[in-house]
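One file, target-v5.tsv, is given below (TSV, C-alpha atoms).
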```
chain	number	residue	atom	x	y	z
A	1	TYR	CA	20.82	-9.83	5.04
A	2	SER	CA	18.38	-9.76	2.14
A	3	LEU	CA	20.01	-8.62	-1.08
A	4	ASP	CA	17.78	-7.21	-3.81
A	5	SER	CA	17.33	-4.31	-6.22
A	6	SER	CA	14.46	-2.15	-7.41
A	7	LEU	CA	14.04	0.04	-10.46
A	8	ILE	CA	13.26	3.71	-9.87
A	9	ASP	CA	11.25	4.76	-12.90
A	10	LEU	CA	12.07	8.05	-14.60
A	11	SER	CA	10.60	9.94	-17.54
A	12	LEU	CA	12.62	9.29	-20.68
A	13	ALA	CA	11.75	12.79	-21.94
A	14	LEU	CA	13.09	14.45	-18.79
A	15	PHE	CA	15.94	12.03	-18.03
A	16	PRO	CA	17.33	10.91	-21.44
A	17	TRP	CA	20.70	10.08	-19.85
A	18	ALA	CA	18.98	7.25	-17.89
A	19	ASP	CA	17.81	5.34	-20.98
A	20	HIS	CA	16.87	1.86	-19.75
A	21	ASN	CA	15.42	0.01	-22.74
A	22	ARG	CA	14.65	2.67	-25.39
A	23	SER	CA	11.10	3.09	-24.10
A	24	LYS	CA	11.69	4.11	-20.47
A	25	ALA	CA	14.31	5.58	-18.20
A	26	ALA	CA	15.30	4.21	-14.82
A	27	MET	CA	17.91	4.05	-12.10
A	28	LYS	CA	18.40	0.97	-9.95
A	29	LEU	CA	18.72	0.90	-6.17
A	30	HIS	CA	20.60	-2.11	-4.78
A	31	VAL	CA	20.21	-2.80	-1.07
A	32	GLY	CA	21.48	-5.28	1.48
A	33	LEU	CA	18.81	-5.17	4.18
A	34	ASP	CA	19.92	-5.99	7.72
A	35	HIS	CA	17.18	-8.11	9.31
A	36	ALA	CA	18.35	-7.25	12.82
A	37	GLY	CA	16.51	-3.94	12.45
A	38	HIS	CA	15.15	-4.05	8.89
A	39	PHE	CA	17.33	-1.16	7.73
A	40	PRO	CA	19.72	-0.91	4.75
A	41	ALA	CA	23.25	-1.89	5.78
A	42	PHE	CA	24.60	-1.87	2.21
A	43	ALA	CA	23.35	0.25	-0.68
A	44	THR	CA	24.44	1.52	-4.06
A	45	ILE	CA	22.72	3.17	-7.02
A	46	THR	CA	23.44	2.22	-10.62
A	47	ASP	CA	22.00	2.70	-14.08
A	48	GLY	CA	18.84	0.71	-14.71
A	49	VAL	CA	20.57	-1.61	-17.18
A	50	ARG	CA	23.20	-2.75	-14.67
A	51	HIS	CA	22.90	-6.44	-13.84
A	52	ASP	CA	22.38	-7.43	-10.21
A	53	VAL	CA	25.15	-10.04	-9.83
A	54	PRO	CA	28.20	-7.77	-10.39
A	55	VAL	CA	26.79	-5.30	-7.87
A	56	GLY	CA	26.10	-8.05	-5.35
A	57	ARG	CA	29.71	-9.15	-5.61
A	58	GLU	CA	30.82	-5.67	-4.52
A	59	PHE	CA	29.04	-5.86	-1.14
A	60	ASP	CA	31.47	-6.97	1.57
A	61	PHE	CA	29.26	-8.99	3.90
A	62	PRO	CA	30.73	-9.94	7.29
A	63	LYS	CA	32.10	-13.44	7.73
A	64	GLY	CA	29.49	-15.75	9.23
A	65	SER	CA	26.54	-13.71	7.98
A	66	LEU	CA	23.60	-15.20	6.09
A	67	VAL	CA	22.63	-13.56	2.78
A	68	VAL	CA	19.27	-14.26	1.13
A	69	ILE	CA	19.05	-13.74	-2.64
A	70	ASP	CA	16.56	-14.61	-5.36
A	71	LYS	CA	17.13	-16.44	-8.64
A	72	GLY	CA	18.19	-13.22	-10.35
A	73	TYR	CA	21.51	-13.47	-8.54
A	74	THR	CA	22.32	-16.97	-9.77
A	75	ASP	CA	26.07	-17.15	-10.25
A	76	TYR	CA	27.79	-20.41	-9.31
A	77	GLY	CA	31.20	-18.75	-9.22
A	78	TRP	CA	29.85	-16.24	-6.68
A	79	TYR	CA	28.38	-19.08	-4.61
A	80	LYS	CA	31.87	-20.55	-4.42
A	81	GLN	CA	33.41	-17.21	-3.43
A	82	LEU	CA	30.85	-16.67	-0.66
A	83	THR	CA	31.48	-20.16	0.69
A	84	GLU	CA	35.26	-19.64	0.68
A	85	LYS	CA	34.79	-16.36	2.61
A	86	GLY	CA	32.70	-18.09	5.28
A	87	ILE	CA	29.49	-16.34	4.22
A	88	PHE	CA	26.26	-18.36	4.11
A	89	PHE	CA	23.56	-17.85	1.51
A	90	VAL	CA	20.02	-19.01	0.77
A	91	THR	CA	18.56	-18.78	-2.71
A	92	ARG	CA	16.09	-20.53	-5.01
A	93	GLN	CA	17.24	-23.09	-7.51
A	94	ARG	CA	16.62	-22.48	-11.19
A	95	ALA	CA	14.44	-25.01	-12.96
A	96	ASN	CA	17.17	-25.89	-15.50
A	97	ALA	CA	19.94	-26.38	-12.92
A	98	LYS	CA	21.97	-29.57	-13.32
A	99	TYR	CA	23.11	-31.39	-10.21
A	100	ARG	CA	23.97	-34.77	-8.71
A	101	ILE	CA	22.55	-35.98	-5.39
A	102	ILE	CA	25.25	-37.02	-2.90
A	103	GLU	CA	23.15	-37.63	0.21
A	104	ARG	CA	19.47	-37.71	1.14
A	105	ARG	CA	18.45	-36.42	4.57
A	106	MET	CA	15.25	-37.12	6.45
A	107	ALA	CA	12.55	-34.65	5.40
A	108	LYS	CA	9.97	-33.54	7.99
A	109	ARG	CA	6.91	-33.56	5.77
A	110	GLY	CA	4.72	-32.36	8.60
A	111	GLN	CA	6.60	-29.05	8.37
A	112	GLY	CA	6.15	-28.79	4.60
A	113	ILE	CA	9.62	-30.15	3.75
A	114	THR	CA	9.46	-32.43	0.70
A	115	SER	CA	13.20	-33.11	0.36
A	116	ASP	CA	16.52	-32.36	2.05
A	117	GLN	CA	19.55	-33.33	-0.02
A	118	ILE	CA	23.28	-32.73	-0.32
A	119	ILE	CA	24.14	-32.13	-3.97
A	120	GLU	CA	26.97	-31.26	-6.35
A	121	LEU	CA	26.28	-28.83	-9.17
A	122	THR	CA	27.21	-30.25	-12.55
A	123	GLY	CA	27.28	-28.95	-16.09
A	124	LEU	CA	29.91	-28.25	-18.71
A	125	GLN	CA	30.63	-24.72	-17.45
A	126	LEU	CA	31.42	-26.07	-13.97
A	127	LYS	CA	33.73	-28.86	-15.03
A	128	ASN	CA	37.08	-28.78	-13.18
A	129	LYS	CA	36.01	-25.78	-11.04
A	130	ALA	CA	35.92	-27.63	-7.69
A	131	MET	CA	32.47	-26.38	-6.77
A	132	PRO	CA	31.50	-26.79	-3.11
A	133	ARG	CA	28.69	-29.13	-2.17
A	134	LEU	CA	25.36	-27.45	-1.49
A	135	ARG	CA	22.18	-28.30	0.32
A	136	ARG	CA	18.99	-28.60	-1.72
A	137	ILE	CA	15.68	-28.25	0.17
A	138	GLY	CA	12.20	-28.74	-1.24
A	139	TYR	CA	9.35	-26.97	0.54
A	140	ARG	CA	5.60	-26.76	-0.08
A	141	ASP	CA	3.76	-23.78	1.37
A	142	ALA	CA	0.67	-24.99	3.23
A	143	ASP	CA	-1.23	-21.74	2.58
A	144	THR	CA	-0.65	-21.36	-1.16
A	145	GLY	CA	0.22	-24.93	-2.17
A	146	LYS	CA	3.25	-23.65	-4.12
A	147	HIS	CA	6.42	-25.71	-4.15
A	148	TYR	CA	9.83	-24.08	-3.74
A	149	VAL	CA	13.35	-25.45	-4.05
A	150	PHE	CA	16.09	-23.71	-2.10
A	151	LEU	CA	19.86	-23.91	-2.34
A	152	THR	CA	22.13	-23.08	0.59
A	153	ASN	CA	25.65	-23.69	1.83
A	154	HIS	CA	24.41	-23.85	5.44
A	155	PHE	CA	24.18	-27.50	6.54
A	156	ASN	CA	23.31	-27.06	10.23
A	157	LEU	CA	20.07	-25.07	10.26
A	158	ALA	CA	16.81	-27.00	10.19
A	159	ALA	CA	15.28	-27.30	6.72
A	160	ARG	CA	12.14	-25.43	7.83
A	161	THR	CA	14.34	-22.63	9.19
A	162	ILE	CA	15.93	-22.26	5.75
A	163	ALA	CA	12.47	-21.94	4.22
A	164	ASP	CA	11.44	-19.37	6.83
A	165	VAL	CA	14.64	-17.39	6.25
A	166	TYR	CA	13.87	-17.11	2.55
A	167	LYS	CA	10.27	-16.18	3.27
A	168	ASP	CA	11.46	-13.28	5.43
A	169	ARG	CA	13.20	-11.88	2.32
A	170	TRP	CA	9.84	-10.19	1.71
A	171	GLN	CA	11.00	-7.50	4.16
A	172	VAL	CA	13.28	-6.00	1.51
A	173	GLU	CA	10.29	-5.65	-0.82
A	174	LEU	CA	8.44	-3.82	1.96
A	175	PHE	CA	11.47	-1.56	2.37
A	176	PHE	CA	11.45	-0.57	-1.30
A	177	LYS	CA	7.71	0.08	-1.12
A	178	ALA	CA	8.09	2.21	2.00
A	179	ILE	CA	10.79	4.52	0.66
A	180	LYS	CA	9.04	4.98	-2.70
A	181	GLN	CA	5.73	5.87	-1.08
A	182	ASN	CA	6.91	7.92	1.88
A	183	LEU	CA	10.26	9.47	0.97
A	184	LYS	CA	9.47	11.13	-2.35
A	185	ILE	CA	11.67	9.28	-4.82
A	186	HIS	CA	8.96	9.00	-7.47
A	187	ALA	CA	9.16	12.74	-8.32
A	188	PHE	CA	12.50	14.54	-8.56
A	189	VAL	CA	13.46	18.16	-7.95
A	190	GLY	CA	16.20	18.21	-10.59
A	191	ASN	CA	16.70	16.45	-13.92
A	192	SER	CA	20.47	15.89	-13.83
A	193	ARG	CA	22.08	12.62	-12.83
A	194	ASN	CA	23.60	14.24	-9.74
A	195	ALA	CA	20.20	15.63	-8.67
A	196	VAL	CA	18.56	12.19	-8.90
A	197	LEU	CA	21.40	10.47	-7.05
A	198	THR	CA	21.38	13.14	-4.34
A	199	GLN	CA	17.64	12.81	-3.76
A	200	ILE	CA	17.82	9.01	-3.51
A	201	TRP	CA	20.74	9.13	-1.06
A	202	ILE	CA	18.89	11.71	1.04
A	203	ALA	CA	15.90	9.34	1.14
A	204	LEU	CA	18.13	6.51	2.36
A	205	CYS	CA	19.73	8.72	5.03
A	206	THR	CA	16.25	9.80	6.15
A	207	PHE	CA	15.16	6.17	6.47
A	208	LEU	CA	18.22	5.39	8.60
A	209	MET	CA	17.44	8.34	10.86
A	210	LEU	CA	13.84	7.16	11.22
A	211	SER	CA	15.06	3.65	12.04
A	212	TYR	CA	17.35	5.08	14.71
A	213	LEU	CA	14.51	7.12	16.20
A	214	LYS	CA	12.37	3.98	16.22
A	215	PHE	CA	15.11	2.14	18.10
A	216	LEU	CA	15.59	4.94	20.64
A	217	SER	CA	11.90	5.48	21.30
A	218	LYS	CA	11.14	1.79	21.97
A	219	THR	CA	7.48	2.52	21.22
A	220	GLY	CA	7.07	-0.16	18.56
A	221	TRP	CA	5.95	2.48	16.06
A	222	SER	CA	6.72	1.98	12.39
A	223	GLU	CA	9.05	4.33	10.50
A	224	GLN	CA	6.01	5.52	8.54
A	225	ARG	CA	4.14	6.53	11.69
A	226	ILE	CA	7.17	8.39	13.06
A	227	LEU	CA	7.57	10.16	9.72
A	228	ARG	CA	3.93	11.29	9.75
A	229	LEU	CA	4.40	12.65	13.28
A	230	LEU	CA	7.51	14.58	12.27
A	231	GLN	CA	5.79	16.00	9.21
A	232	ALA	CA	2.89	17.24	11.34
A	233	ASN	CA	5.32	18.98	13.73
A	234	LEU	CA	7.90	20.10	11.21
A	235	PHE	CA	7.90	23.75	12.33
A	236	SER	CA	7.47	23.04	16.04
A	237	LYS	CA	10.45	23.51	18.32
A	238	LYS	CA	10.14	20.30	20.31
A	239	ASP	CA	12.45	17.61	21.60
A	240	LEU	CA	12.23	14.58	19.29
A	241	MET	CA	12.04	12.00	22.05
A	242	ALA	CA	9.43	14.03	23.94
A	243	LEU	CA	7.44	14.22	20.73
A	244	ILE	CA	7.60	10.51	19.96
A	245	ARG	CA	7.43	9.27	23.55
A	246	PRO	CA	5.60	11.91	25.62
A	247	SER	CA	5.83	11.53	29.38
A	248	PRO	CA	2.54	11.09	31.30
A	249	PRO	CA	1.53	13.93	33.64
A	250	THR	CA	2.98	13.49	37.13
A	251	ASP	CA	0.18	15.38	38.90
A	252	GLN	CA	-3.07	13.60	37.99
A	253	SER	CA	-5.12	16.26	39.79
A	254	ALA	CA	-3.94	18.82	37.24
A	255	LEU	CA	-5.87	17.09	34.46
A	256	PRO	CA	-8.90	19.13	33.35
A	257	GLN	CA	-11.23	16.14	33.56
A	258	ILE	CA	-10.26	15.43	37.17
A	259	ALA	CA	-10.42	19.12	38.13
A	260	LEU	CA	-13.93	19.35	36.69
A	261	TRP	CA	-15.25	16.51	38.85
A	262	ALA	CA	-13.45	17.89	41.90
```

In structure tokens, how does this file's structure come out?
Amino acid sequence: YSLDSSLIDLSLALFPWADHNRSKAAMKLHVGLDHAGHFPAFATITDGVRHDVPVGREFDFPKGSLVVIDKGYTDYGWYKQLTEKGIFFVTRQRANAKYRIIERRMAKRGQGITSDQIIELTGLQLKNKAMPRLRRIGYRDADTGKHYVFLTNHFNLAARTIADVYKDRWQVELFFKAIKQNLKIHAFVGNSRNAVLTQIWIALCTFLMLSYLKFLSKTGWSEQRILRLLQANLFSKKDLMALIRPSPPTDQSALPQIALWA
């Protein structure tokens, strides 16, 4: 799962109850994106000022799952809780993080890996807290030249796999972009809190339905393409599967082009 949040901007004049920072109004959509089908498995909506970490703690991820988070979710106590629950995570290390190297592993530099270490987090706030050991991986992207440092409690996956897992977190950003552009949550029908929440939840339910149609159709179409097709046939009384996956004609001689040549 990729865990992230996105602000949904509102007009402060029209939505004064959603005051975010005295100059703008906003709600925040928090999502745990399931990478098995790139659909939201966990979601909640909060005020724009709500911090990400407390919301992330509320998501009950299955034991054995792998959760990808960015530096905004840095919380060492939460890392410990996830580890104790048997949940793996991958995140980026903050530049000011304090740690002690326990073990150095062989780094495959041909794959962009600059370091692979077992570490213990240190610092005054972590003293006597029995923090679990973590894996610290350095990676340099061959395309951009940027260097990244990842932290994870998964010790068995290849270092390059950890880097690729974090890179795939970009899918949650694409999800936020898709629902904002295609499912009308940038303009709201009502101005009350309940109206805004209702419209956002309807957008999420719509996305899940589109994802299910995509799965059933097996056409490889994107949710956006299926949505455009449904919009164009909104008032047509047609079977959804026949609309998305039309059957080819059984009698080829009935085609007008063939009949013309005949």

Original post:
So what do you get for CA of Ser5 (chain A) versus CA of Ile69 (chain A), distance-wise?
Top reply: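 These two atoms are separated by 10.2 Å.
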
**OP:** Mind listing whatever residues come within 12 Å of the point (7.7, 10.6, 0.1)? Use only C-alpha atoms, file coordinates, and give them as an NGL selection string.
**Re:** :A and (176-188 or 199-200 or 202-204 or 206-207 or 224 or 227-228 or 231)

**OP:** Would you kindly return, as a VMD selection string, each protein, DNA or RNA residue with an atom no farther than 12 Å from any atom of Phe150 (chain A), considering only C-alpha atoms and excluding same-chain residues fewer than 4 positions away?
**Re:** chain A and resid 68 to 71 74 89 to 95 97 113 to 119 134 to 140 154 159 to 167

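When CA of Gly56 (chain A) is paired with CA of Leu3 (chain A), their separation reads 7.5 Å.
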
Original post:
Expressed in Å to a single decimal, how great is the separation between CA of Trp78 (chain A) and CA of Pro54 (chain A)?
Top reply: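 Going from CA of Trp78 (chain A) over to CA of Pro54 (chain A) covers 9.4 Å.
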
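Considering only C-alpha atoms, the residue among A:Tyr1, A:Arg22, A:Gly110, A:Arg133 positioned nearest to Phe59 (chain A) is A:Tyr1.
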
Original post:
Near Asn191 (chain A), within 12 Å and counting all atoms listed in the file, which residues show up once chain neighbours fewer than 2 positions away are dropped, as a ChimeraX atom specification?
Top reply: /A:10-18,25,187-189,193-199

**OP:** Determine the nearest neighbour of Met131 (chain A) from the options A:Tyr79, A:Gly112, A:Leu210, A:Glu173, counting only C-alpha atoms.
**Re:**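 Checking each candidate against Met131 (chain A), we get A:Tyr79 as the closest.
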
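Using only C-alpha atoms, the residues found no farther than 10 Å from Ile226 (chain A), other than those of its own chain fewer than 4 positions away, are Leu210, Ser211, Leu213, Lys214, Ser217, Trp221, Ser222, Leu230, Gln231, Ala232, Leu243 and Ile244 of chain A.
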
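For the choices A:Met241, A:Ala41, A:Val55, A:Ile87, the atom-to-atom distance to Gly72 (chain A) is smallest for A:Val55 when using only C-alpha atoms.
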
**OP:** For Pro40 (chain A), please output as a ChimeraX atom specification all residues within 8 Å (counting all atoms listed in the file; exclusion window: fewer than 2 positions along the same chain).
**Re:** /A:31-34,38,42-43,204,208

**OP:** Name the closest residue to Lys218 (chain A) among the candidates A:Phe61, A:Phe235, A:Arg245, A:Leu29; distances are taken between atoms, counting all atoms listed in the file.
**Re:**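 Answer, going by the shortest atom-to-atom distance: A:Arg245.
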
Original post:
Could you pull the residues within 9 Å of Val49 (chain A), counting only C-alpha atoms, minus those fewer than 4 positions along the same chain, as a PyMOL selection string?
Top reply: chain A and resi 19-21+26-28
